[in-house]
Amino acid sequence: MTDYHITEHRDSKVCKAPCASLPMFAYTSLNRCNVPAYILGSHTYQQHPIALSIDCVTALHHDFFNALANITSKEVRALHFHQYMCSAFLLGKSDEAGFTPQTGSIKRDKADYLRLLRGWMFNAEGVEAAVMKRWVESRFGLLTLNHNGLLNNPNCIINRAYQSDYVRGLYNSNALEAQLDLLYTYCQYELQRILPLNTHYLLYRGVNHLEQHHKIGNISDNQPLLLLNNLNSFTSDRDFSGTFGDVILETQVPYSKILYFPELLNGVLKGENEYLVVGGIYQTTITR
């Protein structure tokens, strides 16, 4: 694994200042992992992360993870992961997965985890992105704050459009949320296996209209505590991040909040050196 900007937690620049709590509008009391949403979305969690596990995933796929233990090459492990995904979810085998002409006029058997990732990287406000944001809500309890606009009113047109997007994305598909469960768990397995002594990545995000972001507080003039959307794109390339906005946010991202990182999968989705990061409150440093 190369070209990563890695910092160990003991050397982290994350401040030890008083921590900010997650606002009630940003989370739900129900999730499907081992840490309550109001904790995993907090500033405290960014400073002192612990491993996250989605309910029952490792137990359901224990044979797969046991098999990975004997594979020393990350490229071979990635190939094994893809083959296992195809087998476990019958990807590319529409008839065996139950897709027949009688199942309805909308046939979405080709929607899979790779299509979701590509859809996100093409358009983080599209249907595939809505499915992924909804998955974060379900598994981690962090609510979507923005999708083609602020979702600050459950009855607004923008909110209804977001709901329509994720319903269309999930309808008549092949266990897309369960595929994301396994993708996240495999990502966490790889991070811990490759770099077991580290806890954070130093990552960057270019943004416009910083004033429209939810500011929870300030550590200093150029170090705001920001409440980010429940799923976000970051990069390890600071210069590249500047092409996406006039302000660059620099932050320490816990491993446990990473859904996808470059080179996780063989030869695909490298593009923009993009990391998919679960949201919450982040202490950031603003640079230009």
# chains A, B, ... in the order shown; residues from 1 in each chain; ligands from 1

$ residues_around --residues "Leu180 (chain A)" --least-positions-apart "3" --cutoff "8 Å" --atoms "only C-alpha atoms" --output "PyMOL selection string"
chain A and resi 113+135+176-177+183-184

$ residues_around --residues "Ile286 (chain A)" --least-positions-apart "4" --cutoff "8 Å" --atoms "only C-alpha atoms" --output "NGL selection string"
:A and (222-224 or 247-250)

$ closest_atom_pairs --of "region 227-255 of chain A" --to "region 39-56 of chain A" --cutoff "9 Å" --atoms "only C-alpha atoms" --output "Markdown table"
| residue | atom | partner | partner_atom | distance |
| --- | --- | --- | --- | --- |
| A:Leu227 | CA | A:Gly41 | CA | 8.7 |
| A:Asn230 | CA | A:Gly41 | CA | 8.9 |
| A:Gln252 | CA | A:Gln46 | CA | 7.7 |
| A:Val253 | CA | A:Gln46 | CA | 7.0 |
| A:Pro254 | CA | A:Gln46 | CA | 6.3 |
| A:Tyr255 | CA | A:Pro49 | CA | 8.3 |

$ closest_residue --among "A:Leu202, A:Ala20, A:Val131, A:Val136" --to "Gly119 (chain A)" --atoms "only C-alpha atoms"
A:Val131

$ residues_around --residues "Met24 (chain A)" --least-positions-apart "2" --cutoff "12 Å" --atoms "only C-alpha atoms" --output "ChimeraX atom specification"
/A:21-22,26-29,37-39,41-42,141-143,227,280

$ closest_residue --among "A:Ile157, A:Leu170, A:Leu68, A:Leu79" --to "Ala129 (chain A)" --atoms "only C-alpha atoms"
A:Leu170

$ closest_residue --among "A:Phe122, A:Tyr162, A:Phe89, A:Phe244" --to "Ala175 (chain A)" --atoms "only C-alpha atoms"
A:Phe89

$ residues_around --residues "Arg77 (chain A)" --least-positions-apart "5" --cutoff "9 Å" --atoms "only C-alpha atoms" --output "MDAnalysis selection string"
chainID A and resid 68 71:72 82 190

$ write_last_selection --atoms "N, CA, C and O atoms" --output "short mmCIF file (atom, residue, chain, number, x, y, z; two decimals), in the first residue's frame"
data_model
loop_
_atom_site.label_atom_id
_atom_site.label_comp_id
_atom_site.auth_asym_id
_atom_site.auth_seq_id
_atom_site.Cartn_x
_atom_site.Cartn_y
_atom_site.Cartn_z
N LEU A 68 -9.22 -15.55 4.47
CA LEU A 68 -8.31 -14.43 4.21
C LEU A 68 -7.06 -14.49 5.07
O LEU A 68 -5.99 -14.03 4.67
N ILE A 71 -3.96 -15.75 3.37
CA ILE A 71 -3.55 -15.15 2.10
C ILE A 71 -2.67 -13.94 2.42
O ILE A 71 -3.11 -12.97 3.03
N THR A 72 -1.41 -13.98 2.01
CA THR A 72 -0.45 -12.93 2.36
C THR A 72 -0.50 -11.75 1.39
O THR A 72 -0.12 -10.64 1.76
N HIS A 82 -13.78 -10.28 -4.26
CA HIS A 82 -14.71 -10.12 -5.38
C HIS A 82 -15.37 -11.45 -5.73
O HIS A 82 -16.58 -11.51 -5.99
N GLU A 190 -8.88 -5.04 5.98
CA GLU A 190 -7.66 -4.71 5.25
C GLU A 190 -6.88 -3.60 5.94
O GLU A 190 -5.65 -3.67 6.04
#

$ decode --residues "region 198-282 of chain A" --atoms "C-alpha atoms" --output "short mmCIF file (atom, residue, chain, number, x, y, z; two decimals), in the first residue's frame"
data_model
loop_
_atom_site.label_atom_id
_atom_site.label_comp_id
_atom_site.auth_asym_id
_atom_site.auth_seq_id
_atom_site.Cartn_x
_atom_site.Cartn_y
_atom_site.Cartn_z
CA ASN A 198 -2.24 3.23 13.11
CA THR A 199 -5.65 4.69 13.84
CA HIS A 200 -6.05 7.80 11.64
CA TYR A 201 -5.49 8.99 8.08
CA LEU A 202 -4.60 12.61 7.35
CA LEU A 203 -7.06 13.47 4.58
CA TYR A 204 -8.23 16.52 2.65
CA ARG A 205 -11.50 17.77 1.20
CA GLY A 206 -12.00 20.76 -1.08
CA VAL A 207 -15.22 22.69 -0.47
CA ASN A 208 -17.02 25.83 -1.58
CA HIS A 209 -19.37 27.95 0.53
CA LEU A 210 -17.86 26.95 3.87
CA GLU A 211 -20.39 29.22 5.58
CA GLN A 212 -23.14 26.77 4.58
CA HIS A 213 -21.57 23.94 6.55
CA HIS A 214 -22.80 23.12 10.05
CA LYS A 215 -20.28 24.71 12.43
CA ILE A 216 -20.47 23.23 15.93
CA GLY A 217 -17.67 25.29 17.47
CA ASN A 218 -14.08 26.43 17.08
CA ILE A 219 -10.78 25.14 18.41
CA SER A 220 -9.09 28.24 16.95
CA ASP A 221 -9.73 30.74 14.15
CA ASN A 222 -8.79 28.28 11.43
CA GLN A 223 -9.82 25.08 13.24
CA PRO A 224 -13.60 24.78 13.26
CA LEU A 225 -15.54 21.77 14.47
CA LEU A 226 -17.72 20.92 11.49
CA LEU A 227 -20.68 18.56 11.28
CA LEU A 228 -20.23 16.76 7.97
CA ASN A 229 -22.80 14.88 5.94
CA ASN A 230 -23.18 11.22 6.85
CA LEU A 231 -21.03 10.13 3.88
CA ASN A 232 -18.27 12.21 2.27
CA SER A 233 -15.43 12.07 -0.22
CA PHE A 234 -11.88 12.84 0.88
CA THR A 235 -8.46 12.44 -0.71
CA SER A 236 -4.91 11.97 0.55
CA ASP A 237 -3.64 14.38 -2.14
CA ARG A 238 -3.83 17.93 -0.81
CA ASP A 239 -3.13 19.58 -4.16
CA PHE A 240 -5.79 17.53 -5.89
CA SER A 241 -8.38 18.41 -3.24
CA GLY A 242 -7.96 22.07 -4.17
CA THR A 243 -9.58 21.43 -7.55
CA PHE A 244 -12.92 20.79 -5.82
CA GLY A 245 -13.24 24.01 -3.84
CA ASP A 246 -11.68 27.31 -2.84
CA VAL A 247 -11.15 26.07 0.73
CA ILE A 248 -9.34 22.88 1.78
CA LEU A 249 -10.39 21.04 4.92
CA GLU A 250 -7.60 19.01 6.52
CA THR A 251 -8.60 16.48 9.14
CA GLN A 252 -7.64 13.28 10.90
CA VAL A 253 -10.09 10.55 9.85
CA PRO A 254 -10.38 7.43 12.02
CA TYR A 255 -9.84 4.18 10.17
CA SER A 256 -13.15 2.94 11.51
CA LYS A 257 -15.04 5.60 9.53
CA ILE A 258 -13.63 4.58 6.15
CA LEU A 259 -15.91 2.63 3.81
CA TYR A 260 -13.55 2.60 0.85
CA PHE A 261 -9.94 3.61 0.15
CA PRO A 262 -7.86 3.57 -3.07
CA GLU A 263 -6.38 0.17 -3.97
CA LEU A 264 -8.82 -1.70 -1.77
CA LEU A 265 -10.08 -3.39 -4.93
CA ASN A 266 -7.82 -4.55 -7.75
CA GLY A 267 -7.55 -2.16 -10.67
CA VAL A 268 -10.88 -0.42 -10.21
CA LEU A 269 -12.15 2.88 -8.86
CA LYS A 270 -8.72 4.43 -8.36
CA GLY A 271 -9.58 7.54 -10.36
CA GLU A 272 -9.34 10.46 -8.00
CA ASN A 273 -7.54 8.77 -5.08
CA GLU A 274 -10.87 8.93 -3.29
CA TYR A 275 -11.74 7.81 0.23
CA LEU A 276 -15.36 7.37 1.30
CA VAL A 277 -15.72 8.57 4.88
CA VAL A 278 -18.62 8.24 7.31
CA GLY A 279 -19.59 11.63 8.74
CA GLY A 280 -20.20 13.23 12.10
CA ILE A 281 -18.28 16.00 13.88
CA TYR A 282 -14.72 16.55 12.69
#
